[in-house]
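coords.cif follows (mmCIF, C-alpha atoms):
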```cif
data_entry
loop_
_atom_site.label_atom_id
_atom_site.label_comp_id
_atom_site.auth_asym_id
_atom_site.auth_seq_id
_atom_site.Cartn_x
_atom_site.Cartn_y
_atom_site.Cartn_z
CA MET E 15 -23.95 16.21 -14.90
CA ASP E 16 -23.75 12.59 -13.75
CA SER E 17 -21.87 9.77 -15.48
CA ALA E 18 -25.03 8.12 -16.78
CA GLU E 19 -26.18 11.28 -18.55
CA LEU E 20 -22.71 11.83 -20.00
CA LEU E 21 -22.43 8.22 -21.22
CA ASP E 22 -25.86 8.46 -22.85
CA LEU E 23 -24.69 11.56 -24.73
CA LEU E 24 -21.30 10.11 -25.71
CA GLY E 25 -22.91 6.85 -26.82
CA ASN E 26 -23.69 8.45 -30.17
CA ALA E 27 -20.91 8.55 -32.79
CA ASN E 28 -22.15 11.74 -34.46
CA ARG E 29 -22.37 13.60 -31.15
CA ARG E 30 -18.76 12.54 -30.49
CA ARG E 31 -17.75 13.84 -33.92
CA ILE E 32 -19.55 17.15 -33.22
CA LEU E 33 -17.73 17.54 -29.90
CA ARG E 34 -14.40 16.72 -31.57
CA LEU E 35 -15.11 19.41 -34.17
CA LEU E 36 -16.23 22.03 -31.61
CA ALA E 37 -13.14 21.30 -29.50
CA ARG E 38 -11.08 22.71 -32.38
CA LYS E 39 -13.21 25.74 -33.21
CA PRO E 40 -16.71 27.14 -32.66
CA CYS E 41 -18.97 26.15 -35.56
CA TYR E 42 -22.43 26.96 -36.90
CA VAL E 43 -24.94 24.32 -37.92
CA THR E 44 -24.26 24.37 -41.70
CA GLU E 45 -20.50 23.91 -41.12
CA ILE E 46 -21.08 20.93 -38.85
CA SER E 47 -23.65 19.45 -41.19
CA GLU E 48 -21.28 19.66 -44.18
CA TYR E 49 -18.25 18.46 -42.21
CA LEU E 50 -20.11 15.42 -40.86
CA GLY E 51 -22.27 14.74 -43.92
CA VAL E 52 -25.29 14.71 -41.63
CA SER E 53 -28.56 16.58 -42.24
CA PRO E 54 -28.85 20.00 -40.52
CA LYS E 55 -31.98 18.73 -38.80
CA ALA E 56 -30.03 15.86 -37.20
CA VAL E 57 -27.18 18.21 -36.23
CA ILE E 58 -29.63 20.63 -34.58
CA ASP E 59 -31.14 17.73 -32.66
CA HIS E 60 -27.73 16.60 -31.38
CA LEU E 61 -26.75 20.18 -30.48
CA ARG E 62 -29.99 20.63 -28.56
CA LYS E 63 -29.26 17.52 -26.47
CA LEU E 64 -25.69 18.70 -25.83
CA GLU E 65 -26.90 22.21 -24.98
CA GLU E 66 -29.56 20.90 -22.59
CA ALA E 67 -26.86 18.95 -20.78
CA GLY E 68 -24.83 22.17 -20.50
CA LEU E 69 -21.98 20.63 -22.47
CA VAL E 70 -22.35 23.00 -25.41
CA GLU E 71 -23.30 26.69 -25.60
CA SER E 72 -24.07 29.04 -28.47
CA ARG E 73 -23.59 32.72 -29.23
CA THR E 74 -24.76 34.77 -32.23
CA ASP E 75 -22.21 36.88 -34.14
CA GLU E 76 -22.72 40.28 -35.81
CA ARG E 77 -23.88 38.52 -38.99
CA ARG E 78 -26.61 36.96 -36.82
CA ARG E 79 -25.00 33.55 -37.29
CA LYS E 80 -25.28 31.18 -34.32
CA TYR E 81 -21.98 29.63 -33.29
CA PHE E 82 -21.76 26.58 -31.03
CA SER E 83 -18.83 25.73 -28.76
CA ILE E 84 -18.01 23.46 -25.82
CA SER E 85 -18.95 25.29 -22.64
CA ARG E 86 -17.56 23.02 -20.00
CA ASN E 87 -14.59 21.17 -18.60
CA LEU E 88 -15.56 17.63 -17.77
CA ARG E 89 -13.75 14.41 -17.05
CA LEU E 90 -15.20 10.91 -17.17
CA GLU E 91 -13.51 7.76 -15.93
CA VAL E 92 -14.85 4.25 -16.40
CA ASN E 93 -13.31 1.12 -14.87
CA VAL E 94 -14.48 -2.29 -16.05
CA SER E 95 -13.11 -5.43 -14.42
CA PRO E 96 -14.40 -8.83 -13.23
CA TYR E 97 -14.89 -7.24 -9.79
CA GLU E 98 -15.82 -3.70 -10.67
CA PHE E 99 -17.91 -1.55 -12.93
CA GLY E 100 -17.30 1.99 -11.83
CA THR E 101 -18.05 5.26 -13.56
CA LYS E 102 -16.94 8.63 -12.26
CA SER E 103 -17.48 12.04 -13.80
CA ALA E 104 -16.10 15.24 -12.38
CA TYR E 105 -15.17 18.82 -13.14
CA PRO E 106 -11.50 19.74 -13.28
CA ALA E 107 -10.00 20.51 -9.90
CA SER E 108 -9.12 24.13 -9.17
CA LYS E 109 -5.55 25.43 -9.40
CA GLY E 110 -5.28 25.22 -5.65
CA LEU E 111 -5.10 21.43 -5.49
CA ASP E 112 -3.42 20.68 -2.17
CA MET E 113 -0.99 17.97 -3.16
CA THR E 114 0.29 17.82 0.41
CA ALA E 115 -3.07 16.24 1.22
CA CYS E 116 -2.15 13.33 -1.04
CA ARG E 117 -0.69 10.50 1.01
CA TYR E 118 0.56 8.21 -1.73
CA LEU E 119 1.08 10.51 -4.67
CA SER E 120 3.41 13.38 -5.45
CA LEU E 121 3.75 15.49 -8.59
CA GLU E 122 6.76 17.50 -9.63
CA VAL E 123 6.00 19.86 -12.45
CA GLY E 124 8.20 22.93 -12.93
CA HIS E 125 6.32 25.96 -14.13
CA VAL E 126 2.81 24.48 -14.25
CA ASP E 127 1.52 27.97 -13.79
CA PRO E 128 3.34 30.29 -16.17
CA GLY E 129 2.77 33.51 -14.30
CA ASP E 130 -0.12 33.50 -11.89
CA ASP E 131 -0.85 37.09 -12.81
CA GLU E 132 -2.97 37.11 -15.97
CA ASP E 133 -1.68 40.55 -16.98
CA GLU E 134 1.92 39.36 -16.94
CA GLN E 135 3.14 38.70 -20.51
CA VAL E 136 4.30 35.11 -20.83
CA ASP E 137 5.93 34.10 -24.11
CA LEU E 138 4.68 31.23 -26.23
CA GLY E 139 7.87 29.29 -25.58
CA THR E 140 7.14 29.08 -21.85
CA LEU E 141 3.55 28.11 -22.53
CA ALA E 142 4.68 25.44 -25.00
CA ASP E 143 7.06 24.02 -22.37
CA THR E 144 4.27 23.99 -19.80
CA LEU E 145 1.94 22.34 -22.28
CA GLN E 146 4.61 19.70 -22.87
CA GLU E 147 5.11 19.01 -19.15
CA LEU E 148 1.39 18.82 -18.48
CA GLU E 149 0.78 16.44 -21.40
CA GLN E 150 3.55 14.14 -20.17
CA LEU E 151 2.22 14.29 -16.62
CA GLU E 152 -1.24 13.43 -17.95
CA ASN E 153 0.17 10.33 -19.66
CA GLU E 154 2.04 9.30 -16.51
CA LEU E 155 -1.08 9.69 -14.37
CA SER E 156 -3.03 7.64 -16.88
CA LEU E 157 -0.46 4.86 -16.76
CA ALA E 158 -0.44 4.96 -12.95
CA GLN E 159 -4.24 4.69 -12.87
CA ARG E 160 -4.18 1.67 -15.14
CA TRP E 161 -1.54 0.12 -12.91
CA VAL E 162 -3.65 0.78 -9.79
CA GLN E 163 -6.70 -0.72 -11.49
CA GLY E 164 -4.73 -3.85 -12.28
CA ARG E 165 -3.51 -4.17 -8.69
CA LEU E 166 -7.02 -3.53 -7.27
CA SER E 167 -8.33 -6.32 -9.45
CA ASP E 168 -5.58 -8.70 -8.26
CA VAL E 169 -6.22 -7.93 -4.59
CA ARG E 170 -10.02 -8.21 -4.93
CA GLU E 171 -9.56 -11.59 -6.53
CA ARG E 172 -7.34 -12.78 -3.68
CA VAL E 173 -9.83 -11.48 -1.10
CA ALA E 174 -12.50 -13.42 -2.97
CA ASP E 175 -10.35 -16.58 -2.85
CA LEU E 176 -9.97 -16.30 0.94
CA LEU E 177 -13.62 -15.54 1.60
CA ASP E 178 -15.28 -18.46 -0.12
CA ASP E 179 -18.48 -18.44 1.95
CA GLY E 180 -21.20 -15.94 1.18
CA ASP E 181 -20.52 -13.52 -1.65
CA PRO E 182 -16.75 -12.94 -1.78
CA ARG E 183 -17.03 -10.19 -4.41
CA LEU E 184 -19.45 -8.31 -2.21
CA ALA E 185 -17.10 -8.78 0.75
CA ALA E 186 -14.29 -7.24 -1.29
CA ASP E 187 -16.63 -4.36 -2.18
CA VAL E 188 -17.59 -3.86 1.45
CA LEU E 189 -13.93 -3.82 2.54
CA ALA E 190 -13.19 -1.34 -0.23
CA GLY E 191 -16.21 0.69 0.92
CA LEU E 192 -14.70 0.97 4.38
CA ALA E 193 -11.30 1.94 2.97
CA ASP E 194 -12.22 5.64 2.95
CA GLY E 195 -13.43 5.55 6.55
CA SER E 196 -16.23 4.18 8.70
CA ALA E 197 -19.70 3.73 7.23
CA THR E 198 -23.13 2.46 8.18
CA ALA E 199 -24.62 -0.71 6.68
CA PRO E 200 -27.17 1.33 4.66
CA GLN E 201 -24.36 3.50 3.26
CA LEU E 202 -22.43 0.38 2.23
CA SER E 203 -25.64 -1.04 0.80
CA ARG E 204 -26.03 1.99 -1.45
CA ARG E 205 -22.39 1.85 -2.51
CA THR E 206 -22.41 -1.87 -3.27
CA GLU E 207 -25.99 -1.85 -4.57
CA ALA E 208 -26.71 -4.91 -2.39
CA PRO E 209 -29.63 -5.20 0.07
CA THR E 210 -28.77 -3.87 3.56
CA GLU E 211 -29.40 -7.23 5.25
CA VAL E 212 -27.02 -8.98 2.83
CA VAL E 213 -24.37 -6.34 3.57
CA GLU E 214 -24.95 -6.87 7.31
CA ASP E 215 -24.36 -10.62 6.91
CA VAL E 216 -21.07 -9.92 5.14
CA LEU E 217 -20.06 -7.42 7.84
CA THR E 218 -20.75 -10.05 10.51
CA THR E 219 -18.56 -12.57 8.66
CA LEU E 220 -15.79 -9.99 8.30
CA ALA E 221 -16.12 -9.11 12.00
CA GLU E 222 -15.65 -12.80 12.91
CA GLU E 223 -12.40 -12.64 10.90
CA ASP E 224 -11.44 -9.53 12.96
CA LEU E 225 -11.29 -7.48 9.77
CA VAL E 226 -13.99 -4.98 10.68
CA GLU E 227 -15.45 -3.73 13.93
CA ARG E 228 -18.64 -1.97 14.91
CA GLU E 229 -18.93 1.41 16.63
CA GLY E 230 -22.62 2.09 17.26
CA ASP E 231 -24.26 1.85 13.87
CA ARG E 232 -20.99 2.51 12.01
CA TRP E 233 -18.50 -0.09 10.84
CA ARG E 234 -14.80 0.41 10.22
CA LEU E 235 -11.69 -1.57 9.28
CA VAL E 236 -9.68 -2.93 12.20
CA ASP E 237 -6.29 -1.14 12.20
CA MET J 8 -11.37 -2.51 -28.21
CA ASP J 9 -11.24 1.17 -29.09
CA SER J 10 -12.91 4.02 -27.18
CA ALA J 11 -15.64 4.48 -29.79
CA GLU J 12 -16.76 0.85 -29.53
CA LEU J 13 -16.69 1.03 -25.74
CA LEU J 14 -18.67 4.30 -25.65
CA ASP J 15 -21.28 2.81 -28.01
CA LEU J 16 -21.68 -0.14 -25.62
CA LEU J 17 -21.78 1.99 -22.46
CA GLY J 18 -24.24 4.43 -24.05
CA ASN J 19 -27.06 2.08 -23.10
CA ALA J 20 -28.42 2.27 -19.54
CA ASN J 21 -29.45 -1.40 -19.39
CA ARG J 22 -26.05 -2.58 -20.59
CA ARG J 23 -24.49 -0.47 -17.82
CA ARG J 24 -26.86 -2.06 -15.29
CA ILE J 25 -25.96 -5.54 -16.58
CA LEU J 26 -22.22 -4.80 -16.19
CA ARG J 27 -22.78 -3.42 -12.69
CA LEU J 28 -24.63 -6.63 -11.80
CA LEU J 29 -22.00 -8.95 -13.36
CA ALA J 30 -19.23 -7.03 -11.58
CA ARG J 31 -20.72 -8.30 -8.32
CA LYS J 32 -21.36 -11.88 -9.34
CA PRO J 33 -21.71 -14.09 -12.42
CA CYS J 34 -25.37 -14.32 -13.46
CA TYR J 35 -27.54 -16.28 -15.87
CA VAL J 36 -30.06 -14.67 -18.20
CA THR J 37 -33.18 -15.22 -16.05
CA GLU J 38 -31.48 -13.65 -13.00
CA ILE J 39 -30.47 -10.58 -14.98
CA SER J 40 -33.88 -10.31 -16.61
CA GLU J 41 -35.67 -10.41 -13.24
CA TYR J 42 -33.19 -8.08 -11.54
CA LEU J 43 -33.45 -5.49 -14.31
CA GLY J 44 -37.13 -5.98 -15.13
CA VAL J 45 -36.15 -6.39 -18.77
CA SER J 46 -37.32 -9.16 -21.10
CA PRO J 47 -34.94 -12.15 -21.44
CA LYS J 48 -34.84 -11.48 -25.18
CA ALA J 49 -33.50 -7.95 -24.60
CA VAL J 50 -31.00 -9.22 -22.00
CA ILE J 51 -29.71 -11.87 -24.42
CA ASP J 52 -29.33 -9.19 -27.07
CA HIS J 53 -27.30 -6.94 -24.75
CA LEU J 54 -25.16 -9.89 -23.58
CA ARG J 55 -24.45 -10.84 -27.19
CA LYS J 56 -23.17 -7.33 -27.94
CA LEU J 57 -21.04 -7.34 -24.79
CA GLU J 58 -19.73 -10.83 -25.56
CA GLU J 59 -18.86 -9.89 -29.16
CA ALA J 60 -16.85 -6.97 -27.81
CA GLY J 61 -14.99 -9.39 -25.54
CA LEU J 62 -16.21 -7.53 -22.47
CA VAL J 63 -18.31 -10.40 -21.16
CA GLU J 64 -17.81 -14.17 -21.27
CA SER J 65 -19.98 -17.15 -20.37
CA ARG J 66 -19.47 -20.63 -18.93
CA THR J 67 -21.98 -23.42 -18.40
CA ASP J 68 -22.22 -25.06 -14.97
CA GLU J 69 -22.96 -28.71 -14.11
CA ARG J 70 -26.67 -27.92 -14.16
CA ARG J 71 -26.16 -26.81 -17.79
CA ARG J 72 -26.97 -23.26 -16.78
CA LYS J 73 -25.06 -20.57 -18.68
CA TYR J 74 -23.39 -18.00 -16.41
CA PHE J 75 -22.14 -14.65 -17.70
CA SER J 76 -19.32 -12.63 -16.15
CA ILE J 77 -17.03 -9.72 -17.03
CA SER J 78 -14.01 -11.12 -18.83
CA ARG J 79 -11.81 -8.11 -19.06
CA ASN J 80 -10.03 -5.27 -17.31
CA LEU J 81 -10.60 -2.04 -19.15
CA ARG J 82 -10.22 1.63 -18.42
CA LEU J 83 -11.81 4.48 -20.31
CA GLU J 84 -10.97 8.17 -19.89
CA VAL J 85 -12.84 11.02 -21.54
CA ASN J 86 -11.80 14.66 -21.35
CA VAL J 87 -14.20 17.34 -22.56
CA SER J 88 -13.11 20.96 -22.56
CA PRO J 89 -13.44 24.03 -24.82
CA TYR J 90 -10.09 23.03 -26.37
CA GLU J 91 -10.22 19.27 -26.18
CA PHE J 92 -12.38 16.26 -26.75
CA GLY J 93 -10.21 13.29 -25.98
CA THR J 94 -11.14 9.68 -25.37
CA LYS J 95 -8.65 7.06 -24.30
CA SER J 96 -9.27 3.42 -23.52
CA ALA J 97 -6.62 1.04 -22.28
CA TYR J 98 -5.99 -2.23 -20.50
CA PRO J 99 -4.58 -2.09 -16.99
CA ALA J 100 -0.81 -1.79 -16.88
CA SER J 101 1.11 -4.84 -15.73
CA LYS J 102 2.51 -5.16 -12.21
CA GLY J 103 5.93 -4.17 -13.50
CA LEU J 104 5.07 -0.54 -14.08
CA ASP J 105 8.43 1.20 -14.08
CA MET J 106 7.70 4.27 -11.99
CA THR J 107 11.29 5.43 -12.39
CA ALA J 108 10.38 6.13 -16.02
CA CYS J 109 7.89 8.72 -14.79
CA ARG J 110 9.45 12.18 -14.82
CA TYR J 111 6.78 14.16 -13.02
CA LEU J 112 4.99 11.60 -10.92
CA SER J 113 5.91 9.42 -7.99
CA LEU J 114 3.83 6.94 -6.03
CA GLU J 115 4.49 5.68 -2.55
CA VAL J 116 2.35 2.72 -1.64
CA GLY J 117 3.52 0.38 1.11
CA HIS J 118 2.65 -3.24 0.41
CA VAL J 119 0.91 -2.84 -2.93
CA ASP J 120 1.85 -6.39 -3.66
CA PRO J 121 1.04 -8.53 -0.63
CA GLY J 122 3.40 -11.38 -1.39
CA ASP J 123 4.47 -11.73 -4.96
CA ASP J 124 4.37 -15.49 -4.56
CA GLU J 125 0.79 -16.65 -5.17
CA ASP J 126 1.33 -19.76 -3.00
CA GLU J 127 2.29 -17.68 0.01
CA GLN J 128 -0.64 -17.37 2.41
CA VAL J 129 -1.48 -13.70 2.95
CA ASP J 130 -4.12 -12.92 5.57
CA LEU J 131 -7.25 -10.94 4.82
CA GLY J 132 -6.09 -8.10 7.06
CA THR J 133 -3.07 -7.41 4.86
CA LEU J 134 -5.22 -7.61 1.74
CA ALA J 135 -7.76 -5.24 3.29
CA ASP J 136 -4.97 -2.75 4.09
CA THR J 137 -3.67 -2.99 0.54
CA LEU J 138 -7.18 -2.53 -0.81
CA GLN J 139 -7.50 0.58 1.34
CA GLU J 140 -4.19 2.05 0.14
CA LEU J 141 -4.96 1.35 -3.50
CA GLU J 142 -8.44 2.89 -3.25
CA GLN J 143 -7.00 6.05 -1.71
CA LEU J 144 -4.26 6.19 -4.33
CA GLU J 145 -6.91 5.80 -7.03
CA ASN J 146 -8.79 8.80 -5.63
CA GLU J 147 -5.60 10.87 -5.46
CA LEU J 148 -4.70 10.03 -9.06
CA SER J 149 -8.20 10.96 -10.14
CA LEU J 150 -7.95 14.31 -8.38
CA ALA J 151 -4.53 14.92 -9.94
CA GLN J 152 -5.91 14.12 -13.41
CA ARG J 153 -8.70 16.64 -12.96
CA TRP J 154 -6.16 19.21 -11.78
CA VAL J 155 -3.96 18.57 -14.83
CA GLN J 156 -6.96 18.86 -17.15
CA GLY J 157 -7.83 22.23 -15.62
CA ARG J 158 -4.27 23.49 -16.08
CA LEU J 159 -4.06 22.18 -19.65
CA SER J 160 -7.23 24.05 -20.45
CA ASP J 161 -5.83 27.27 -18.92
CA VAL J 162 -2.57 27.02 -20.87
CA ARG J 163 -4.31 26.18 -24.16
CA GLU J 164 -6.50 29.23 -23.70
CA ARG J 165 -3.47 31.45 -23.14
CA VAL J 166 -1.72 29.98 -26.19
CA ALA J 167 -4.88 30.76 -28.15
CA ASP J 168 -4.85 34.35 -26.87
CA LEU J 169 -1.25 34.85 -28.03
CA LEU J 170 -1.77 33.22 -31.44
CA ASP J 171 -4.66 35.22 -32.75
CA ASP J 172 -3.94 34.65 -36.45
CA GLY J 173 -4.89 31.40 -38.11
CA ASP J 174 -6.54 28.81 -35.88
CA PRO J 175 -5.15 29.30 -32.36
CA ARG J 176 -6.85 26.17 -31.02
CA LEU J 177 -5.24 24.09 -33.73
CA ALA J 178 -1.88 25.71 -32.94
CA ALA J 179 -2.26 24.69 -29.31
CA ASP J 180 -3.14 21.17 -30.47
CA VAL J 181 -0.09 21.04 -32.73
CA LEU J 182 2.21 22.22 -29.92
CA ALA J 183 0.66 19.59 -27.67
CA GLY J 184 1.13 17.03 -30.43
CA LEU J 185 4.86 17.81 -30.49
CA ALA J 186 5.09 17.62 -26.71
CA ASP J 187 5.71 13.86 -26.78
CA GLY J 188 8.46 14.21 -29.39
CA SER J 189 9.03 15.10 -33.02
CA ALA J 190 6.37 14.31 -35.60
CA THR J 191 5.66 14.72 -39.30
CA ALA J 192 2.93 17.04 -40.59
CA PRO J 193 0.77 14.04 -41.66
CA GLN J 194 1.10 12.53 -38.16
CA LEU J 195 0.05 15.85 -36.60
CA SER J 196 -2.76 16.04 -39.14
CA ARG J 197 -4.12 12.67 -37.98
CA ARG J 198 -3.79 13.63 -34.34
CA THR J 199 -5.48 17.01 -34.73
CA GLU J 200 -7.91 15.78 -37.40
CA ALA J 201 -7.05 18.84 -39.51
CA PRO J 202 -5.97 18.72 -43.19
CA THR J 203 -2.19 18.32 -43.62
CA GLU J 204 -1.82 21.63 -45.49
CA VAL J 205 -3.61 23.50 -42.69
CA VAL J 206 -1.30 21.88 -40.14
CA GLU J 207 1.71 22.85 -42.29
CA ASP J 208 0.55 26.50 -42.32
CA VAL J 209 0.31 26.45 -38.53
CA LEU J 210 3.77 24.84 -38.27
CA THR J 211 5.19 27.60 -40.48
CA THR J 212 3.65 30.27 -38.23
CA LEU J 213 5.02 28.54 -35.13
CA ALA J 214 8.45 28.25 -36.80
CA GLU J 215 8.43 32.03 -37.43
CA GLU J 216 7.84 32.43 -33.70
CA ASP J 217 10.86 30.12 -33.10
CA LEU J 218 8.61 27.66 -31.24
CA VAL J 219 9.13 24.70 -33.56
CA GLU J 220 11.86 23.69 -35.97
CA ARG J 221 12.09 21.32 -38.89
CA GLU J 222 14.44 18.35 -39.25
CA GLY J 223 13.88 16.77 -42.66
CA ASP J 224 10.17 15.97 -42.75
CA ARG J 225 9.86 15.92 -38.96
CA TRP J 226 8.99 18.87 -36.74
CA ARG J 227 9.90 19.30 -33.09
CA LEU J 228 9.63 21.87 -30.32
CA VAL J 229 12.57 24.22 -30.01
CA ASP J 230 14.24 23.50 -26.64
#
```

Spit out the file's structure as structure tokens when you get a sec.
Amino acid sequence: MDSAELLDLLGNANRRRILRLLARKPCYVTEISEYLGVSPKAVIDHLRKLEEAGLVESRTDERRRKYFSISRNLRLEVNVSPYEFGTKSAYPASKGLDMTACRYLSLEVGHVDPGDDEDEQVDLGTLADTLQELEQLENELSLAQRWVQGRLSDVRERVADLLDDGDPRLAADVLAGLADGSATAPQLSRRTEAPTEVVEDVLTTLAEEDLVEREGDRWRLVD
Amino acid sequence: MDSAELLDLLGNANRRRILRLLARKPCYVTEISEYLGVSPKAVIDHLRKLEEAGLVESRTDERRRKYFSISRNLRLEVNVSPYEFGTKSAYPASKGLDMTACRYLSLEVGHVDPGDDEDEQVDLGTLADTLQELEQLENELSLAQRWVQGRLSDVRERVADLLDDGDPRLAADVLAGLADGSATAPQLSRRTEAPTEVVEDVLTTLAEEDLVEREGDRWRLVD
């Protein structure tokens, strides 16, 4: 599911309340309707939208009552700043995240995985500790991301100050677009949502400043 | 601005397109209207909502033309999982983030701050390098967040399996709520959005399992 679809769904207060409720326990329509003080018809409509998006699923119990629950792990990040409006949605990363691949970040959590073997009995105390560590780590990562966003905004602004001809914001975007590796002008055009020829002008300016260089049809930052 | 207000604003595709446009350059109404193929009246309406939320601001140039731009740094995070629906919005953290306060996380970025002194001339190359490092760090943090969310979901599920009486999901929430430190039943009730008496029942169950203990009217995890 892409960010736009997710934002459309989350843009409705009652759908958010339904998700908050389902995150605590599976519910059937009447429960939700009473809890929210919303007509069953409206609840069914919201659930249908959530189900179509694959965010919610339902199962019927022995008393033929249909229970709804959240079916999916999803994460959405939105950054808004004078130089950026970025949305990113993604599924949780698998256990096997290779932190050694991270160049600038390192995590140190003790028993993140309380017993890899599912059969192994792990007591609630251990799980509670792990829960505690993970929650704290989540807060620290959140803080770090906000810090990075602040710094990115500072640097983009300073790039803009130095590049006063043309479209300095776009130039900052293009530089950022090359940060992950070389790219073609059309690729940068898609990323920055600017026409290819405009992006090419900016690349030429940046090349004159010896910031970027061309290899065939690909551009990259000068080391 | 709280997450709900932000999600309501971002729930509209045209408002997202307007923000994406303003993130690249300040625009006046006619520009936006033509770029989006939306009537000026609708654009003005969206801009008013964004301005009221403090997300967008306007200034009038010498030709008495009113330019709109994004006025604010904001970050929104949404986690959806079978055991969680969490939204968090925050302003970027200041430069002086004290990473030593982070227990589980450490960042290593070279020249994140290219010259603390604003007057000091820093060349574009250095800024481009910094931009590159920050963008990569942002991706790594994002990956780490998704990894943590996956683990949290695993652990909550296993807590739920062990606590089959009462409301296991709520119990996991309560344990998580105590992860950041001691709390009163009403505080946990607000956090988990469950009635105080229900939370107190869960706390009693957890106390019988020697997972939590009471100090006066506050509860905390047993070390």

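Restricting the calculation to only C-alpha atoms, the smallest distance between Glu214 (chain E) and any of E:Leu184, E:Ala190, E:Leu23, E:Val173 is found for E:Leu184.
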
Note to self: What's the separation between CA of Ser113 (chain J) and CA of Leu138 (chain J), in Å to one decimal place?
What the structure shows: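 Going from CA of Ser113 (chain J) over to CA of Leu138 (chain J) covers 19.1 Å.
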
Next item on the list: Kindly indicate which residue among J:Asp15, J:Asp180, J:Asp224, J:Glu69 lies nearest to chain E, using all atoms listed in the file for the distances.
Entry: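 Using all atoms listed in the file, the shortest distance to chain E belongs to J:Asp15.
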
Where does region 44-74 of chain E meet region 86-105 of chain E within 12 Å, residue by residue, with the nearest atom pair and distance in Å to one decimal for each, counting all atoms listed in the file, listed by chain and rising number, as a Markdown table?
```
| residue | atom | partner | partner_atom | distance |
| --- | --- | --- | --- | --- |
| E:Leu64 | CA | E:Arg86 | CA | 10.9 |
| E:Glu65 | CA | E:Arg86 | CA | 10.6 |
| E:Ala67 | CA | E:Arg86 | CA | 10.2 |
| E:Gly68 | CA | E:Arg86 | CA | 7.3 |
| E:Leu69 | CA | E:Arg86 | CA | 5.6 |
| E:Val70 | CA | E:Arg86 | CA | 7.2 |
| E:Glu71 | CA | E:Arg86 | CA | 8.8 |
```

Notebook entry, point to check: Residues at most 10 Å from Glu223 (chain E), counting all atoms listed in the file, excluding those fewer than 6 positions away in the same chain, as a list in words?
Noted result: Leu177 and Leu217 of chain E; Asp130, Leu131 and Gly132 of chain J

Checklist line | Length of the CA of Ser76 (chain J) to CA of Arg170 (chain E) vector [Å] | finding: 15.2 Å

Selection: 10 Å around Val188 (chain E), all atoms listed in the file, excl. self and same-chain fewer than 4 positions, as an mmCIF file with C-alpha atoms, in the coordinates of the input:
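Now in out_12.cif:
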```cif
data_model
loop_
_atom_site.group_PDB
_atom_site.id
_atom_site.type_symbol
_atom_site.label_atom_id
_atom_site.label_comp_id
_atom_site.auth_asym_id
_atom_site.auth_seq_id
_atom_site.Cartn_x
_atom_site.Cartn_y
_atom_site.Cartn_z
ATOM 1 C CA PRO E 182 -16.750 -12.940 -1.780
ATOM 2 C CA ARG E 183 -17.030 -10.190 -4.410
ATOM 3 C CA LEU E 184 -19.450 -8.310 -2.210
ATOM 4 C CA LEU E 192 -14.700 0.970 4.380
ATOM 5 C CA ALA E 193 -11.300 1.940 2.970
ATOM 6 C CA ALA E 197 -19.700 3.730 7.230
ATOM 7 C CA ALA E 199 -24.620 -0.710 6.680
ATOM 8 C CA LEU E 202 -22.430 0.380 2.230
ATOM 9 C CA SER E 203 -25.640 -1.040 0.800
ATOM 10 C CA ARG E 205 -22.390 1.850 -2.510
ATOM 11 C CA THR E 206 -22.410 -1.870 -3.270
ATOM 12 C CA ALA E 208 -26.710 -4.910 -2.390
ATOM 13 C CA VAL E 213 -24.370 -6.340 3.570
ATOM 14 C CA GLU E 214 -24.950 -6.870 7.310
ATOM 15 C CA VAL E 216 -21.070 -9.920 5.140
ATOM 16 C CA LEU E 217 -20.060 -7.420 7.840
ATOM 17 C CA LEU E 220 -15.790 -9.990 8.300
ATOM 18 C CA VAL E 226 -13.990 -4.980 10.680
#
```

Identify all residues satisfying the PyMOL selection byres ((chain J and resi 139-147) around 8) in the given file; provide them as a JSON list (two decimals) with C-alpha atoms, keeping the file's coordinate frame.
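The result, written out as expr.json:
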```json
[["chain", "number", "residue", "atom", "x", "y", "z"],
["E", 116, "CYS", "CA", -2.15, 13.33, -1.04],
["E", 117, "ARG", "CA", -0.69, 10.50, 1.01],
["E", 118, "TYR", "CA", 0.56, 8.21, -1.73],
["E", 119, "LEU", "CA", 1.08, 10.51, -4.67],
["E", 159, "GLN", "CA", -4.24, 4.69, -12.87],
["E", 162, "VAL", "CA", -3.65, 0.78, -9.79],
["E", 163, "GLN", "CA", -6.70, -0.72, -11.49],
["E", 165, "ARG", "CA", -3.51, -4.17, -8.69],
["E", 166, "LEU", "CA", -7.02, -3.53, -7.27],
["E", 189, "LEU", "CA", -13.93, -3.82, 2.54],
["E", 190, "ALA", "CA", -13.19, -1.34, -0.23],
["E", 192, "LEU", "CA", -14.70, 0.97, 4.38],
["E", 193, "ALA", "CA", -11.30, 1.94, 2.97],
["E", 194, "ASP", "CA", -12.22, 5.64, 2.95],
["J", 116, "VAL", "CA", 2.35, 2.72, -1.64],
["J", 117, "GLY", "CA", 3.52, 0.38, 1.11],
["J", 119, "VAL", "CA", 0.91, -2.84, -2.93],
["J", 135, "ALA", "CA", -7.76, -5.24, 3.29],
["J", 136, "ASP", "CA", -4.97, -2.75, 4.09],
["J", 137, "THR", "CA", -3.67, -2.99, 0.54],
["J", 138, "LEU", "CA", -7.18, -2.53, -0.81],
["J", 148, "LEU", "CA", -4.70, 10.03, -9.06],
["J", 149, "SER", "CA", -8.20, 10.96, -10.14],
["J", 150, "LEU", "CA", -7.95, 14.31, -8.38],
["J", 151, "ALA", "CA", -4.53, 14.92, -9.94]]
```

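Of the listed residues (E:Ser53, E:Ser167, E:Thr210, E:Ser72), E:Ser167 comes nearest to chain J; the distances count all atoms listed in the file.
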